[in-house]
$ cat target_36.cif   # mmCIF, C-alpha atoms and all ligand atoms
data_work
loop_
_atom_site.group_PDB
_atom_site.id
_atom_site.type_symbol
_atom_site.label_atom_id
_atom_site.label_comp_id
_atom_site.auth_asym_id
_atom_site.auth_seq_id
_atom_site.Cartn_x
_atom_site.Cartn_y
_atom_site.Cartn_z
ATOM 1 C CA MET A 1 87.622 80.014 83.803
ATOM 2 C CA ASN A 2 87.331 79.325 87.497
ATOM 3 C CA LYS A 3 89.858 80.957 89.717
ATOM 4 C CA LYS A 4 92.231 78.672 91.554
ATOM 5 C CA LYS A 5 93.203 78.727 95.198
ATOM 6 C CA ALA A 6 96.820 78.914 96.286
ATOM 7 C CA ILE A 7 98.931 78.028 99.271
ATOM 8 C CA ILE A 8 101.832 80.427 99.439
ATOM 9 C CA LEU A 9 104.625 78.944 101.457
ATOM 10 C CA ASP A 10 107.484 80.524 103.247
ATOM 11 C CA ARG A 11 110.465 78.176 102.935
ATOM 12 C CA ASP A 12 112.898 78.354 105.846
ATOM 13 C CA GLY A 13 111.251 77.447 109.144
ATOM 14 C CA THR A 14 108.053 76.446 107.342
ATOM 15 C CA LEU A 15 108.965 73.664 104.885
ATOM 16 C CA ILE A 16 112.532 73.049 106.009
ATOM 17 C CA GLU A 17 114.452 73.485 109.215
ATOM 18 C CA ASP A 18 115.672 77.101 109.521
ATOM 19 C CA LYS A 19 119.416 76.776 109.888
ATOM 20 C CA ASN A 20 120.190 80.488 109.407
ATOM 21 C CA TYR A 21 121.178 81.194 105.810
ATOM 22 C CA ALA A 22 121.343 77.533 104.819
ATOM 23 C CA TYR A 23 122.482 76.826 101.286
ATOM 24 C CA LYS A 24 124.552 73.624 101.578
ATOM 25 C CA LEU A 25 122.767 70.397 100.761
ATOM 26 C CA GLU A 26 124.103 68.820 103.957
ATOM 27 C CA ASP A 27 122.015 71.368 105.899
ATOM 28 C CA PHE A 28 118.813 70.429 104.092
ATOM 29 C CA GLU A 29 116.209 69.021 106.464
ATOM 30 C CA LEU A 30 112.529 68.806 105.662
ATOM 31 C CA LEU A 31 110.216 69.568 108.596
ATOM 32 C CA ASP A 32 107.830 66.968 109.980
ATOM 33 C CA GLY A 33 104.429 66.719 108.348
ATOM 34 C CA VAL A 34 105.301 68.756 105.271
ATOM 35 C CA ILE A 35 104.979 65.894 102.767
ATOM 36 C CA ASP A 36 101.795 64.525 104.337
ATOM 37 C CA GLY A 37 100.330 67.997 104.665
ATOM 38 C CA LEU A 38 101.006 69.065 101.097
ATOM 39 C CA LYS A 39 99.527 65.791 99.830
ATOM 40 C CA LEU A 40 96.307 66.554 101.685
ATOM 41 C CA LEU A 41 96.105 69.982 100.067
ATOM 42 C CA GLN A 42 97.231 69.297 96.543
ATOM 43 C CA ASN A 43 93.835 68.526 95.019
ATOM 44 C CA ASP A 44 92.444 71.889 96.046
ATOM 45 C CA PHE A 45 95.393 74.264 95.919
ATOM 46 C CA LEU A 46 98.365 75.317 93.804
ATOM 47 C CA PHE A 47 101.613 75.635 95.760
ATOM 48 C CA PHE A 48 104.089 78.525 95.570
ATOM 49 C CA ILE A 49 107.178 79.356 97.624
ATOM 50 C CA VAL A 50 107.949 82.988 98.435
ATOM 51 C CA THR A 51 111.180 83.401 100.367
ATOM 52 C CA ASN A 52 113.359 86.272 101.544
ATOM 53 C CA GLN A 53 116.978 85.304 100.908
ATOM 54 C CA SER A 54 119.017 88.179 102.276
ATOM 55 C CA GLY A 55 121.930 85.740 102.573
ATOM 56 C CA ILE A 56 122.461 86.484 98.878
ATOM 57 C CA GLY A 57 122.544 90.245 99.442
ATOM 58 C CA ARG A 58 124.849 89.779 102.396
ATOM 59 C CA GLY A 59 127.234 87.750 100.255
ATOM 60 C CA PHE A 60 126.883 84.570 102.316
ATOM 61 C CA TYR A 61 125.954 82.570 99.217
ATOM 62 C CA SER A 62 125.251 83.158 95.532
ATOM 63 C CA ILE A 63 122.036 82.985 93.537
ATOM 64 C CA LYS A 64 123.416 79.766 92.047
ATOM 65 C CA ASP A 65 123.914 78.298 95.539
ATOM 66 C CA PHE A 66 120.383 79.294 96.418
ATOM 67 C CA GLN A 67 118.978 77.714 93.264
ATOM 68 C CA LYS A 68 120.859 74.465 93.759
ATOM 69 C CA PHE A 69 119.596 74.153 97.330
ATOM 70 C CA ASN A 70 116.064 75.162 96.407
ATOM 71 C CA ASN A 71 115.960 72.772 93.444
ATOM 72 C CA HIS A 72 116.867 70.005 95.842
ATOM 73 C CA LEU A 73 113.749 70.819 97.870
ATOM 74 C CA ILE A 74 111.627 70.964 94.709
ATOM 75 C CA ASN A 75 112.986 67.593 93.590
ATOM 76 C CA VAL A 76 112.464 65.934 96.971
ATOM 77 C CA LEU A 77 108.843 67.049 96.827
ATOM 78 C CA LYS A 78 108.563 65.930 93.204
ATOM 79 C CA THR A 79 109.583 62.388 94.154
ATOM 80 C CA GLN A 80 106.481 62.452 96.387
ATOM 81 C CA ASN A 81 104.386 63.708 93.446
ATOM 82 C CA ILE A 82 104.061 67.152 94.992
ATOM 83 C CA GLU A 83 104.435 70.081 92.624
ATOM 84 C CA ILE A 84 105.636 73.537 93.616
ATOM 85 C CA VAL A 85 104.406 75.644 90.718
ATOM 86 C CA LYS A 86 107.023 78.368 91.165
ATOM 87 C CA THR A 87 109.533 79.728 93.668
ATOM 88 C CA TYR A 88 109.948 83.482 94.144
ATOM 89 C CA PHE A 89 112.946 84.773 96.068
ATOM 90 C CA CYS A 90 114.080 88.200 97.199
ATOM 91 C CA PRO A 91 117.895 88.378 97.142
ATOM 92 C CA HIS A 92 118.036 91.806 98.780
ATOM 93 C CA VAL A 93 118.753 93.053 102.278
ATOM 94 C CA LYS A 94 116.226 95.214 104.059
ATOM 95 C CA GLU A 95 118.339 98.344 103.518
ATOM 96 C CA ASP A 96 118.048 97.923 99.738
ATOM 97 C CA GLU A 97 114.385 98.954 100.068
ATOM 98 C CA CYS A 98 113.477 96.719 97.153
ATOM 99 C CA LYS A 99 109.924 95.988 96.064
ATOM 100 C CA CYS A 100 110.110 92.213 96.441
ATOM 101 C CA ARG A 101 111.027 91.591 100.086
ATOM 102 C CA LYS A 102 108.147 90.276 102.186
ATOM 103 C CA PRO A 103 105.944 91.879 103.513
ATOM 104 C CA LYS A 104 105.910 93.787 100.208
ATOM 105 C CA THR A 105 103.466 92.125 97.873
ATOM 106 C CA LYS A 106 105.225 92.203 94.491
ATOM 107 C CA PHE A 107 105.517 88.411 94.246
ATOM 108 C CA ILE A 108 102.036 87.627 95.473
ATOM 109 C CA ASP A 109 100.625 90.200 93.057
ATOM 110 C CA GLU A 110 102.455 88.386 90.248
ATOM 111 C CA ILE A 111 101.091 85.030 91.391
ATOM 112 C CA ILE A 112 97.511 86.297 91.480
ATOM 113 C CA LYS A 113 97.788 87.688 87.956
ATOM 114 C CA GLU A 114 99.769 84.962 86.264
ATOM 115 C CA PHE A 115 97.855 82.023 87.740
ATOM 116 C CA ASN A 116 94.377 83.553 88.081
ATOM 117 C CA ILE A 117 94.259 83.034 91.843
ATOM 118 C CA ASP A 118 91.292 83.604 94.127
ATOM 119 C CA ILE A 119 93.366 85.315 96.804
ATOM 120 C CA LYS A 120 90.563 85.571 99.369
ATOM 121 C CA LYS A 121 90.355 81.790 99.512
ATOM 122 C CA SER A 122 94.121 81.324 99.477
ATOM 123 C CA TRP A 123 96.552 81.000 102.373
ATOM 124 C CA MET A 124 99.994 82.238 103.329
ATOM 125 C CA ILE A 125 101.878 79.946 105.726
ATOM 126 C CA GLY A 126 104.999 81.194 107.496
ATOM 127 C CA ASP A 127 106.978 81.371 110.715
ATOM 128 C CA HIS A 128 107.746 85.095 110.783
ATOM 129 C CA PRO A 129 105.569 88.164 111.408
ATOM 130 C CA SER A 130 106.584 89.501 107.974
ATOM 131 C CA ASP A 131 105.008 86.414 106.378
ATOM 132 C CA ILE A 132 101.726 87.178 108.081
ATOM 133 C CA GLN A 133 101.892 90.865 107.221
ATOM 134 C CA PHE A 134 102.617 89.843 103.618
ATOM 135 C CA GLY A 135 99.505 87.649 103.522
ATOM 136 C CA ILE A 136 97.367 90.332 105.118
ATOM 137 C CA ASN A 137 98.693 92.961 102.687
ATOM 138 C CA ALA A 138 97.754 90.683 99.810
ATOM 139 C CA GLY A 139 94.301 89.901 101.178
ATOM 140 C CA CYS A 140 94.627 86.194 101.878
ATOM 141 C CA ARG A 141 94.200 84.028 104.977
ATOM 142 C CA THR A 142 97.286 83.427 107.068
ATOM 143 C CA ILE A 143 98.790 80.769 109.299
ATOM 144 C CA PHE A 144 101.578 81.570 111.698
ATOM 145 C CA LEU A 145 103.637 78.510 112.540
ATOM 146 C CA THR A 146 105.576 78.299 115.772
ATOM 147 C CA THR A 147 108.129 76.092 114.011
ATOM 148 C CA GLY A 148 111.354 77.734 112.782
ATOM 149 C CA HIS A 149 111.610 81.208 114.266
ATOM 150 C CA GLY A 150 107.898 81.286 115.005
ATOM 151 C CA PHE A 151 107.962 80.577 118.698
ATOM 152 C CA GLU A 152 110.482 83.369 119.335
ATOM 153 C CA HIS A 153 108.329 85.839 117.403
ATOM 154 C CA LEU A 154 104.980 85.156 119.068
ATOM 155 C CA ASP A 155 105.308 88.287 121.215
ATOM 156 C CA ASP A 156 106.261 90.385 118.183
ATOM 157 C CA LEU A 157 102.965 89.505 116.546
ATOM 158 C CA LYS A 158 101.166 91.048 119.480
ATOM 159 C CA SER A 159 103.364 94.119 119.796
ATOM 160 C CA LEU A 160 103.130 94.758 116.045
ATOM 161 C CA GLY A 161 99.380 94.212 116.090
ATOM 162 C CA ILE A 162 99.571 91.524 113.398
ATOM 163 C CA GLU A 163 96.749 89.009 113.639
ATOM 164 C CA PRO A 164 97.084 85.752 111.722
ATOM 165 C CA THR A 165 93.916 83.834 110.862
ATOM 166 C CA ILE A 166 95.359 80.832 112.704
ATOM 167 C CA ILE A 167 98.392 80.138 114.901
ATOM 168 C CA GLN A 168 99.509 76.528 114.832
ATOM 169 C CA GLU A 169 102.393 74.473 116.178
ATOM 170 C CA ASN A 170 103.238 72.400 113.137
ATOM 171 C CA PHE A 171 102.616 72.060 109.431
ATOM 172 C CA LEU A 172 100.264 69.090 109.493
ATOM 173 C CA LYS A 173 98.003 70.645 112.122
ATOM 174 C CA ALA A 174 97.929 73.827 110.051
ATOM 175 C CA VAL A 175 96.839 71.818 107.010
ATOM 176 C CA LYS A 176 94.013 70.194 108.955
ATOM 177 C CA ASP A 177 92.846 73.662 110.033
ATOM 178 C CA ILE A 178 92.849 74.780 106.396
ATOM 179 C CA LEU A 179 90.772 71.774 105.341
ATOM 180 C CA GLU A 180 88.236 72.407 108.109
ATOM 181 C CA PHE A 181 88.095 76.165 107.616
ATOM 182 C CA PRO A 182 84.563 77.349 106.727
HETATM 183 MG MG MG B 1 110.765 81.535 107.621
HETATM 184 ZN ZN ZN B 2 113.905 92.172 97.035
#

$ encode --input "target_36.cif" --output "C-alpha cells" --more "lines below"
Ligand SMILES: [Mg+2]
Ligand SMILES: [Zn+2]
Amino acid sequence: MNKKKAIILDRDGTLIEDKNYAYKLEDFELLDGVIDGLKLLQNDFLFFIVTNQSGIGRGFYSIKDFQKFNNHLINVLKTQNIEIVKTYFCPHVKEDECKCRKPKTKFIDEIIKEFNIDIKKSWMIGDHPSDIQFGINAGCRTIFLTTGHGFEHLDDLKSLGIEPTIIQENFLKAVKDILEFP
C-alpha cells in the first residue's frame, strides 16, 4: 500500500487566532486563508492537529473544555468538507517532563505508524520554534508562520539555530509554497 503524506498542524496561532489559553467558544476565531488553504491540500494530504495545551495542566480549563472547543473547530471545518483525521493534545506543563509535549515526537511517531505516513514528504506547520523543532525531530518539512506568536519568535529561531524549510506570513501563502515545492 502506498504511503500517504500528512500535514501536521499546530492549532493556536496556525489555524485559529491565538488568544492565550482560549477555550470558550466566544473566543474562537479561524485565521484567514485556513479554509481555502486546506481545500487546496486535501486531495494530496491527510490532516492532523498536534497541540500543546498546558492550559489544562495549569488548571485554566479542563480536558472537557478543551474537547468542546476543539470539536467546534473540527465541525466548522467539516461544514466545509475538510476532514481533520485526528487531534493529539498534550495536557501537561513543561515541568512535567512528559513524552508528548512538542518538540517531543511521541504524537508524530504515532501518526506515522497508525496512518502509514511518508514523513519525508509531509509537513509540519506552526507558529512557534517548538513546532519547527518537532517537525525536524520527526524528519518532515516545516513551515514557520509569522501569524500567532510567530512574528515575536523570529529571532528565537535564529538564536536557537532552528531552520524551518520555509518561513511564511500566512496560511494560504504557506499552502501555495507546499504545492510548488519540488
Ligand atoms: Mg501555536
Ligand atoms: Zn504531554

$ atom_distance --input "target_36.cif" --atom1 "atom CA of Ile143 of chain A" --atom2 "atom CA of Gly161 of chain A"
15.1 Å

$ residues_near_ligand --input "target_36.cif" --ligand "ligand MG 1 (chain B)" --cutoff "10 Å" --atoms "all atoms listed in the file" --output "list of chain:residue names"
A:Leu9, A:Asp10, A:Arg11, A:Asp12, A:Gly13, A:Thr14, A:Leu15, A:Ile16, A:Glu17, A:Asp18, A:Asn20, A:Val50, A:Thr51, A:Asn52, A:Gln53, A:Ile125, A:Gly126, A:Asp127, A:His128, A:Pro129, A:Ser130, A:Asp131, A:Leu145, A:Thr147, A:Gly148, A:His149, A:Gly150

$ closest_atom_pairs --input "target_36.cif" --of "chain A" --to "ligand ZN 2 (chain B)" --cutoff "9 Å" --atoms "only C-alpha atoms and all ligand atoms" --output "CSV"
residue,atom,partner,partner_atom,distance
A:Asn52,CA,B:ZN2,ZN,7.4
A:Gln53,CA,B:ZN2,ZN,8.5
A:Ser54,CA,B:ZN2,ZN,8.3
A:Phe89,CA,B:ZN2,ZN,7.5
A:Cys90,CA,B:ZN2,ZN,4.0
A:Pro91,CA,B:ZN2,ZN,5.5
A:His92,CA,B:ZN2,ZN,4.5
A:Val93,CA,B:ZN2,ZN,7.2
A:Lys94,CA,B:ZN2,ZN,8.0
A:Asp96,CA,B:ZN2,ZN,7.6
A:Glu97,CA,B:ZN2,ZN,7.4
A:Cys98,CA,B:ZN2,ZN,4.6
A:Lys99,CA,B:ZN2,ZN,5.6
A:Cys100,CA,B:ZN2,ZN,3.8
A:Arg101,CA,B:ZN2,ZN,4.2
A:Lys102,CA,B:ZN2,ZN,8.0
A:Lys104,CA,B:ZN2,ZN,8.8

$ resolve_selection --input "target_36.cif" --expression "the PyMOL selection byres (((chain A and resi 31-46) around 10) and not hetatm)" --output "JSON list (two decimals) with C-alpha atoms, in the coordinates of the input"
[["chain", "number", "residue", "atom", "x", "y", "z"],
["A", 4, "LYS", "CA", 92.23, 78.67, 91.55],
["A", 5, "LYS", "CA", 93.20, 78.73, 95.20],
["A", 6, "ALA", "CA", 96.82, 78.91, 96.29],
["A", 7, "ILE", "CA", 98.93, 78.03, 99.27],
["A", 8, "ILE", "CA", 101.83, 80.43, 99.44],
["A", 12, "ASP", "CA", 112.90, 78.35, 105.85],
["A", 13, "GLY", "CA", 111.25, 77.45, 109.14],
["A", 14, "THR", "CA", 108.05, 76.45, 107.34],
["A", 15, "LEU", "CA", 108.96, 73.66, 104.88],
["A", 16, "ILE", "CA", 112.53, 73.05, 106.01],
["A", 17, "GLU", "CA", 114.45, 73.48, 109.22],
["A", 18, "ASP", "CA", 115.67, 77.10, 109.52],
["A", 28, "PHE", "CA", 118.81, 70.43, 104.09],
["A", 29, "GLU", "CA", 116.21, 69.02, 106.46],
["A", 30, "LEU", "CA", 112.53, 68.81, 105.66],
["A", 47, "PHE", "CA", 101.61, 75.64, 95.76],
["A", 48, "PHE", "CA", 104.09, 78.53, 95.57],
["A", 76, "VAL", "CA", 112.46, 65.93, 96.97],
["A", 77, "LEU", "CA", 108.84, 67.05, 96.83],
["A", 80, "GLN", "CA", 106.48, 62.45, 96.39],
["A", 81, "ASN", "CA", 104.39, 63.71, 93.45],
["A", 82, "ILE", "CA", 104.06, 67.15, 94.99],
["A", 83, "GLU", "CA", 104.44, 70.08, 92.62],
["A", 84, "ILE", "CA", 105.64, 73.54, 93.62],
["A", 85, "VAL", "CA", 104.41, 75.64, 90.72],
["A", 86, "LYS", "CA", 107.02, 78.37, 91.16],
["A", 115, "PHE", "CA", 97.86, 82.02, 87.74],
["A", 117, "ILE", "CA", 94.26, 83.03, 91.84],
["A", 121, "LYS", "CA", 90.36, 81.79, 99.51],
["A", 122, "SER", "CA", 94.12, 81.32, 99.48],
["A", 123, "TRP", "CA", 96.55, 81.00, 102.37],
["A", 147, "THR", "CA", 108.13, 76.09, 114.01],
["A", 148, "GLY", "CA", 111.35, 77.73, 112.78],
["A", 170, "ASN", "CA", 103.24, 72.40, 113.14],
["A", 171, "PHE", "CA", 102.62, 72.06, 109.43],
["A", 172, "LEU", "CA", 100.26, 69.09, 109.49],
["A", 173, "LYS", "CA", 98.00, 70.64, 112.12],
["A", 174, "ALA", "CA", 97.93, 73.83, 110.05],
["A", 175, "VAL", "CA", 96.84, 71.82, 107.01],
["A", 176, "LYS", "CA", 94.01, 70.19, 108.96],
["A", 178, "ILE", "CA", 92.85, 74.78, 106.40],
["A", 179, "LEU", "CA", 90.77, 71.77, 105.34]]

$ resolve_selection --input "target_36.cif" --expression "the PyMOL selection byres (((chain A and resi 166) around 9) and not hetatm)" --output "list of chain:residue names"
A:Arg141, A:Thr142, A:Ile143, A:Phe144, A:Leu145, A:Glu163, A:Pro164, A:Thr165, A:Ile167, A:Gln168, A:Ala174, A:Asp177

$ write_last_selection --input "target_36.cif" --atoms "C-alpha atoms" --output "tab-separated table (two decimals), in the coordinates of the input"
chain	number	residue	atom	x	y	z
A	141	ARG	CA	94.20	84.03	104.98
A	142	THR	CA	97.29	83.43	107.07
A	143	ILE	CA	98.79	80.77	109.30
A	144	PHE	CA	101.58	81.57	111.70
A	145	LEU	CA	103.64	78.51	112.54
A	163	GLU	CA	96.75	89.01	113.64
A	164	PRO	CA	97.08	85.75	111.72
A	165	THR	CA	93.92	83.83	110.86
A	167	ILE	CA	98.39	80.14	114.90
A	168	GLN	CA	99.51	76.53	114.83
A	174	ALA	CA	97.93	73.83	110.05
A	177	ASP	CA	92.85	73.66	110.03
